[in-house]
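Coordinates from start.txt are shown below (compact mmCIF, C-alpha atoms and all ligand atoms).
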```
# COMPACT_ATOMS: atom_id res chain seq x y z
CA MET J 1 186.20 -94.30 6.21
CA ALA J 2 182.69 -95.08 7.30
CA ARG J 3 179.27 -95.22 5.76
CA LEU J 4 176.84 -92.88 7.48
CA PRO J 5 173.09 -93.44 8.02
CA ILE J 6 170.95 -91.29 5.71
CA LEU J 7 167.91 -89.49 7.16
CA ILE J 8 164.65 -90.45 5.46
CA TYR J 9 161.93 -87.90 4.64
CA PRO J 10 159.83 -86.69 6.48
CA ASP J 11 162.45 -86.73 9.25
CA PRO J 12 162.28 -83.22 10.77
CA ARG J 13 166.10 -83.06 10.95
CA LEU J 14 166.09 -82.74 7.14
CA HIS J 15 164.58 -79.29 7.64
CA LYS J 16 167.40 -77.87 9.75
CA LYS J 17 169.43 -75.07 8.17
CA ALA J 18 173.12 -75.87 7.86
CA ALA J 19 175.67 -73.47 9.34
CA PRO J 20 178.74 -72.33 7.41
CA VAL J 21 181.93 -74.33 7.96
CA LEU J 22 184.29 -72.06 9.91
CA HIS J 23 187.46 -74.14 9.63
CA VAL J 24 188.20 -76.60 6.86
CA ASP J 25 190.13 -79.02 9.05
CA ALA J 26 190.80 -82.76 9.32
CA LYS J 27 187.35 -83.32 10.79
CA ILE J 28 185.68 -81.74 7.75
CA ARG J 29 187.91 -83.72 5.37
CA GLN J 30 186.91 -86.92 7.20
CA LEU J 31 183.24 -85.98 6.95
CA ALA J 32 183.63 -85.37 3.19
CA ALA J 33 185.34 -88.76 2.77
CA ASP J 34 182.61 -90.54 4.76
CA MET J 35 179.89 -88.74 2.81
CA ALA J 36 181.53 -89.72 -0.50
CA GLU J 37 181.67 -93.36 0.60
CA THR J 38 178.01 -93.18 1.68
CA MET J 39 176.98 -91.59 -1.64
CA TYR J 40 178.85 -94.14 -3.77
CA ALA J 41 177.49 -97.06 -1.74
CA ALA J 42 173.86 -95.86 -1.92
CA PRO J 43 174.41 -95.36 -4.95
CA GLY J 44 173.70 -91.71 -5.65
CA VAL J 45 175.15 -88.75 -7.54
CA GLY J 46 175.07 -86.28 -4.67
CA LEU J 47 174.77 -86.00 -0.91
CA ALA J 48 174.43 -83.05 1.46
CA ALA J 49 175.72 -83.13 5.05
CA SER J 50 172.16 -82.38 6.22
CA GLN J 51 171.15 -85.84 4.97
CA VAL J 52 173.57 -87.52 7.37
CA ASP J 53 172.42 -85.27 10.25
CA VAL J 54 175.45 -82.98 10.17
CA HIS J 55 174.17 -79.45 9.81
CA GLN J 56 177.16 -77.83 8.19
CA GLN J 57 177.41 -76.48 4.64
CA LEU J 58 179.12 -79.31 2.82
CA ILE J 59 178.02 -81.27 -0.24
CA VAL J 60 179.62 -84.02 -2.31
CA ILE J 61 178.75 -84.73 -5.94
CA ASP J 62 179.90 -87.14 -8.62
CA VAL J 63 177.88 -87.12 -11.84
CA SER J 64 180.54 -88.94 -13.90
CA GLU J 65 179.71 -92.26 -15.57
CA ASP J 66 182.61 -94.12 -13.94
CA LYS J 67 182.36 -92.41 -10.54
CA SER J 68 185.84 -90.96 -10.84
CA GLN J 69 185.10 -87.25 -10.44
CA LEU J 70 184.26 -86.49 -6.84
CA GLN J 71 183.49 -82.81 -6.29
CA VAL J 72 183.31 -81.31 -2.82
CA PHE J 73 181.71 -77.93 -2.16
CA ILE J 74 182.09 -76.27 1.25
CA ASN J 75 179.94 -73.19 2.00
CA PRO J 76 178.61 -73.19 -1.59
CA GLU J 77 176.95 -70.05 -2.94
CA ILE J 78 175.27 -69.58 -6.30
CA VAL J 79 176.60 -66.27 -7.61
CA ALA J 80 174.93 -66.36 -11.05
CA ARG J 81 172.22 -68.39 -12.71
CA GLU J 82 170.58 -68.46 -16.12
CA GLY J 83 167.77 -70.18 -17.97
CA GLU J 84 165.38 -72.83 -16.81
CA CYS J 85 165.26 -76.57 -17.22
CA GLU J 86 163.00 -79.33 -16.00
CA GLY J 87 164.09 -82.81 -15.16
CA GLU J 88 163.11 -85.81 -13.12
CA GLU J 89 164.83 -85.88 -9.74
CA GLY J 90 165.21 -88.40 -7.00
CA CYS J 91 166.83 -88.21 -3.58
CA LEU J 92 168.58 -90.66 -1.27
CA SER J 93 166.38 -89.30 1.55
CA VAL J 94 163.18 -90.08 -0.41
CA PRO J 95 163.91 -93.56 -1.80
CA GLY J 96 161.82 -94.72 -4.74
CA ILE J 97 160.26 -91.31 -5.48
CA TYR J 98 161.04 -89.46 -8.71
CA ASP J 99 159.33 -86.34 -10.00
CA VAL J 100 159.89 -83.32 -12.21
CA VAL J 101 161.41 -80.17 -10.73
CA PHE J 102 162.23 -76.86 -12.45
CA ARG J 103 165.76 -75.56 -11.92
CA SER J 104 168.12 -72.99 -13.36
CA ALA J 105 169.77 -74.44 -16.45
CA TRP J 106 173.17 -72.88 -15.73
CA VAL J 107 174.81 -71.80 -12.48
CA ARG J 108 178.09 -70.32 -11.33
CA VAL J 109 178.98 -71.57 -7.85
CA ARG J 110 181.52 -70.21 -5.41
CA ALA J 111 182.73 -72.54 -2.65
CA LEU J 112 185.74 -73.69 -0.66
CA ASP J 113 187.63 -76.86 -1.52
CA LEU J 114 189.02 -79.41 0.96
CA ASN J 115 192.04 -77.19 1.56
CA GLY J 116 189.82 -74.24 2.45
CA LYS J 117 190.72 -72.55 -0.82
CA PRO J 118 187.96 -70.63 -2.65
CA PHE J 119 187.06 -71.68 -6.20
CA GLU J 120 184.37 -70.95 -8.76
CA LEU J 121 182.77 -73.40 -11.10
CA GLU J 122 180.26 -73.05 -13.93
CA ALA J 123 177.86 -75.92 -14.43
CA ASP J 124 174.98 -76.91 -16.65
CA GLY J 125 173.06 -80.14 -17.26
CA LEU J 126 172.97 -82.77 -14.53
CA LEU J 127 175.75 -81.13 -12.52
CA ALA J 128 173.84 -77.82 -12.33
CA VAL J 129 170.67 -79.63 -11.23
CA CYS J 130 172.57 -81.67 -8.68
CA ILE J 131 174.29 -78.62 -7.16
CA GLN J 132 170.91 -76.88 -6.75
CA HIS J 133 169.29 -80.02 -5.29
CA GLU J 134 172.09 -80.50 -2.73
CA MET J 135 172.21 -76.80 -1.83
CA ASP J 136 168.47 -76.94 -1.12
CA HIS J 137 169.22 -79.66 1.45
CA LEU J 138 171.57 -77.24 3.25
CA GLN J 139 168.63 -74.82 3.49
CA GLY J 140 166.46 -77.57 4.94
CA LYS J 141 164.56 -78.14 1.72
CA VAL J 142 163.83 -81.54 0.18
CA PHE J 143 162.91 -81.69 -3.55
CA VAL J 144 159.42 -83.09 -2.88
CA GLU J 145 158.54 -79.71 -1.36
CA TYR J 146 158.37 -78.34 -4.92
CA LEU J 147 155.52 -80.76 -5.65
CA SER J 148 151.80 -80.32 -4.96
CA ARG J 149 150.51 -80.68 -1.41
CA LEU J 150 148.58 -83.80 -2.44
CA LYS J 151 151.72 -85.44 -3.80
CA GLN J 152 153.65 -84.48 -0.66
CA THR J 153 151.01 -86.07 1.57
CA ARG J 154 151.11 -89.27 -0.50
CA ILE J 155 154.90 -89.39 -0.41
CA LYS J 156 154.98 -88.79 3.34
CA SER J 157 152.63 -91.69 4.09
CA LYS J 158 154.55 -93.92 1.68
CA MET J 159 157.84 -93.05 3.39
CA VAL J 160 156.44 -93.60 6.88
CA LYS J 161 155.22 -97.06 5.86
CA HIS J 162 158.50 -97.89 4.18
CA HIS J 163 160.46 -96.68 7.19
CA SER J 164 158.41 -98.60 9.77
CA ARG J 165 158.85 -101.71 7.63
CA VAL J 166 162.62 -101.46 7.48
CA THR J 167 162.97 -100.66 11.18
CA ALA J 168 160.44 -103.27 12.37
NI NI F 201 168.53 -85.21 -2.10
```

Represent the supplied structure as structure tokens.
Amino acid sequence: MARLPILIYPDPRLHKKAAPVLHVDAKIRQLAADMAETMYAAPGVGLAASQVDVHQQLIVIDVSEDKSQLQVFINPEIVAREGECEGEEGCLSVPGIYDVVFRSAWVRVRALDLNGKPFELEADGLLAVCIQHEMDHLQGKVFVEYLSRLKQTRIKSKMVKHHSRVTA
């Protein structure tokens, strides 16, 4: 397994749309394993392939306390949603920034598992929020884009400074 570098906002590659996975093969399973390792090391509760510059529809999530419940969603689709909730979100691609985003409170997701087998899952709470956050990444959307233009400008300049510092 390998840890993968995470793209930092406002990297334009975060805005690419991910393509559906056509074959769930060994390469995809390796990518999922590497993404899980990267997510746990960060540490974070979710990671989309877009964030590691692989533009395929794959996300990994683990919202459990003891990090024992890895969930992998390939070609995820939200087939039903209900209610609304607001919560503070953060993102491994926007380190240090947290803000409130409105999401559906409940979702039913259809996806493929690591064997290419379709499954459906109903989620609420943190898992529902996380699924929606990661699926946005696959569409090229970062959570800060729900915030005001002023906040986005501030976050961008903060990220650029942070990034030039760490790469200097
Ligand atoms: Ni994120």

Protein and nucleic residues near ligand NI 201 (chain F), 6 Å, only C-alpha atoms and all ligand atoms, as an NGL selection string: :J and (91-93 or 134)

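Of the residues listed (J:Asp25, J:Asp124, J:Met135, J:Glu65), J:Asp124 shows the shortest atom-to-atom separation from Arg81 (chain J); distances use only C-alpha atoms.
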
Go through J:Lys117, J:Arg108, J:His137, J:Arg29 and flag the residue nearest Gln57 (chain J), using only C-alpha atoms for the distances. J:His137

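Using all atoms listed in the file, the smallest distance between any of J:Asp99, J:Lys156, J:Ser148, J:Glu82 and Glu122 (chain J) comes from J:Glu82.
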
In terms of all atoms listed in the file, the residue from J:Lys67, J:Arg3, J:Lys27, J:Lys151 at minimal distance from Val45 (chain J) is J:Lys67

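Proximity to Thr38 (chain J) was assessed for J:Val54, J:Leu22, J:Ile155, J:Val60 counting only C-alpha atoms; the smallest distance is recorded for J:Val60.
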
Atom-to-atom span, CA of Met35 (chain J) and CA of Arg13 (chain J), Å: 17.0 Å

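Take the candidates J:Gly46, J:Pro76, J:Pro5, J:Gly90 and check each one against Val144 (chain J) using all atoms listed in the file; the shortest distance goes to J:Gly90.
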
Can you tell me which residues surround Leu138 (chain J) at a distance of at most 6 Å, considering all atoms listed in the file, apart from same-chain residues fewer than 3 positions away, and format the answer as a VMD selection string? chain J and resid 17 to 18 50 135

Please supply region 122-143 of chain J, rebuilt with N, CA, C and O atoms, as a PDB file, in the frame of the given file.
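Output contents, as saved in selection.pdb:
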```pdb
ATOM      1  N   GLU J 122     181.478 -73.240 -13.149  1.00  0.00           N
ATOM      2  CA  GLU J 122     180.260 -73.050 -13.930  1.00  0.00           C
ATOM      3  C   GLU J 122     179.728 -74.424 -14.296  1.00  0.00           C
ATOM      4  O   GLU J 122     180.502 -75.305 -14.660  1.00  0.00           O
ATOM      5  N   ALA J 123     178.429 -74.593 -14.174  1.00  0.00           N
ATOM      6  CA  ALA J 123     177.860 -75.920 -14.430  1.00  0.00           C
ATOM      7  C   ALA J 123     176.552 -75.791 -15.189  1.00  0.00           C
ATOM      8  O   ALA J 123     175.802 -74.831 -15.005  1.00  0.00           O
ATOM      9  N   ASP J 124     176.297 -76.782 -16.049  1.00  0.00           N
ATOM     10  CA  ASP J 124     174.980 -76.910 -16.650  1.00  0.00           C
ATOM     11  C   ASP J 124     174.604 -78.396 -16.609  1.00  0.00           C
ATOM     12  O   ASP J 124     175.331 -79.200 -16.032  1.00  0.00           O
ATOM     13  N   GLY J 125     173.467 -78.735 -17.218  1.00  0.00           N
ATOM     14  CA  GLY J 125     173.060 -80.140 -17.260  1.00  0.00           C
ATOM     15  C   GLY J 125     172.872 -80.741 -15.877  1.00  0.00           C
ATOM     16  O   GLY J 125     172.495 -80.052 -14.923  1.00  0.00           O
ATOM     17  N   LEU J 126     173.183 -82.025 -15.773  1.00  0.00           N
ATOM     18  CA  LEU J 126     172.970 -82.770 -14.530  1.00  0.00           C
ATOM     19  C   LEU J 126     173.737 -82.170 -13.358  1.00  0.00           C
ATOM     20  O   LEU J 126     173.230 -82.113 -12.234  1.00  0.00           O
ATOM     21  N   LEU J 127     174.956 -81.698 -13.613  1.00  0.00           N
ATOM     22  CA  LEU J 127     175.750 -81.130 -12.520  1.00  0.00           C
ATOM     23  C   LEU J 127     175.066 -79.893 -11.932  1.00  0.00           C
ATOM     24  O   LEU J 127     174.996 -79.731 -10.707  1.00  0.00           O
ATOM     25  N   ALA J 128     174.526 -79.032 -12.806  1.00  0.00           N
ATOM     26  CA  ALA J 128     173.840 -77.820 -12.330  1.00  0.00           C
ATOM     27  C   ALA J 128     172.621 -78.193 -11.487  1.00  0.00           C
ATOM     28  O   ALA J 128     172.385 -77.611 -10.422  1.00  0.00           O
ATOM     29  N   VAL J 129     171.865 -79.181 -11.953  1.00  0.00           N
ATOM     30  CA  VAL J 129     170.670 -79.630 -11.230  1.00  0.00           C
ATOM     31  C   VAL J 129     171.073 -80.195  -9.870  1.00  0.00           C
ATOM     32  O   VAL J 129     170.484 -79.884  -8.834  1.00  0.00           O
ATOM     33  N   CYS J 130     172.111 -81.010  -9.892  1.00  0.00           N
ATOM     34  CA  CYS J 130     172.570 -81.670  -8.680  1.00  0.00           C
ATOM     35  C   CYS J 130     173.048 -80.657  -7.638  1.00  0.00           C
ATOM     36  O   CYS J 130     172.714 -80.760  -6.451  1.00  0.00           O
ATOM     37  N   ILE J 131     173.797 -79.661  -8.081  1.00  0.00           N
ATOM     38  CA  ILE J 131     174.290 -78.620  -7.160  1.00  0.00           C
ATOM     39  C   ILE J 131     173.089 -77.920  -6.500  1.00  0.00           C
ATOM     40  O   ILE J 131     173.064 -77.721  -5.282  1.00  0.00           O
ATOM     41  N   GLN J 132     172.075 -77.578  -7.300  1.00  0.00           N
ATOM     42  CA  GLN J 132     170.910 -76.880  -6.750  1.00  0.00           C
ATOM     43  C   GLN J 132     170.125 -77.772  -5.796  1.00  0.00           C
ATOM     44  O   GLN J 132     169.652 -77.328  -4.744  1.00  0.00           O
ATOM     45  N   HIS J 133     170.002 -79.054  -6.143  1.00  0.00           N
ATOM     46  CA  HIS J 133     169.290 -80.020  -5.290  1.00  0.00           C
ATOM     47  C   HIS J 133     170.010 -80.146  -3.933  1.00  0.00           C
ATOM     48  O   HIS J 133     169.368 -80.073  -2.876  1.00  0.00           O
ATOM     49  N   GLU J 134     171.336 -80.312  -3.979  1.00  0.00           N
ATOM     50  CA  GLU J 134     172.090 -80.500  -2.730  1.00  0.00           C
ATOM     51  C   GLU J 134     172.122 -79.217  -1.909  1.00  0.00           C
ATOM     52  O   GLU J 134     172.064 -79.258  -0.675  1.00  0.00           O
ATOM     53  N   MET J 135     172.212 -78.061  -2.583  1.00  0.00           N
ATOM     54  CA  MET J 135     172.210 -76.800  -1.830  1.00  0.00           C
ATOM     55  C   MET J 135     170.872 -76.552  -1.164  1.00  0.00           C
ATOM     56  O   MET J 135     170.818 -75.974  -0.080  1.00  0.00           O
ATOM     57  N   ASP J 136     169.788 -77.008  -1.770  1.00  0.00           N
ATOM     58  CA  ASP J 136     168.470 -76.940  -1.120  1.00  0.00           C
ATOM     59  C   ASP J 136     168.500 -77.699   0.202  1.00  0.00           C
ATOM     60  O   ASP J 136     167.960 -77.236   1.209  1.00  0.00           O
ATOM     61  N   HIS J 137     169.131 -78.881   0.201  1.00  0.00           N
ATOM     62  CA  HIS J 137     169.220 -79.660   1.450  1.00  0.00           C
ATOM     63  C   HIS J 137     169.851 -78.830   2.564  1.00  0.00           C
ATOM     64  O   HIS J 137     169.423 -78.890   3.715  1.00  0.00           O
ATOM     65  N   LEU J 138     170.883 -78.054   2.228  1.00  0.00           N
ATOM     66  CA  LEU J 138     171.570 -77.240   3.250  1.00  0.00           C
ATOM     67  C   LEU J 138     170.643 -76.172   3.822  1.00  0.00           C
ATOM     68  O   LEU J 138     170.818 -75.717   4.948  1.00  0.00           O
ATOM     69  N   GLN J 139     169.637 -75.793   3.016  1.00  0.00           N
ATOM     70  CA  GLN J 139     168.630 -74.820   3.490  1.00  0.00           C
ATOM     71  C   GLN J 139     167.463 -75.524   4.168  1.00  0.00           C
ATOM     72  O   GLN J 139     166.474 -74.886   4.531  1.00  0.00           O
ATOM     73  N   GLY J 140     167.539 -76.826   4.298  1.00  0.00           N
ATOM     74  CA  GLY J 140     166.460 -77.570   4.940  1.00  0.00           C
ATOM     75  C   GLY J 140     165.331 -77.928   4.002  1.00  0.00           C
ATOM     76  O   GLY J 140     164.226 -78.244   4.440  1.00  0.00           O
ATOM     77  N   LYS J 141     165.611 -77.882   2.690  1.00  0.00           N
ATOM     78  CA  LYS J 141     164.560 -78.140   1.720  1.00  0.00           C
ATOM     79  C   LYS J 141     164.795 -79.448   0.954  1.00  0.00           C
ATOM     80  O   LYS J 141     165.891 -79.665   0.430  1.00  0.00           O
ATOM     81  N   VAL J 142     163.777 -80.277   0.898  1.00  0.00           N
ATOM     82  CA  VAL J 142     163.830 -81.540   0.180  1.00  0.00           C
ATOM     83  C   VAL J 142     163.048 -81.365  -1.126  1.00  0.00           C
ATOM     84  O   VAL J 142     162.044 -80.647  -1.142  1.00  0.00           O
ATOM     85  N   PHE J 143     163.493 -81.995  -2.225  1.00  0.00           N
ATOM     86  CA  PHE J 143     162.910 -81.690  -3.550  1.00  0.00           C
ATOM     87  C   PHE J 143     161.402 -81.914  -3.620  1.00  0.00           C
ATOM     88  O   PHE J 143     160.716 -81.243  -4.386  1.00  0.00           O
TER      89      PHE J 143
END
```
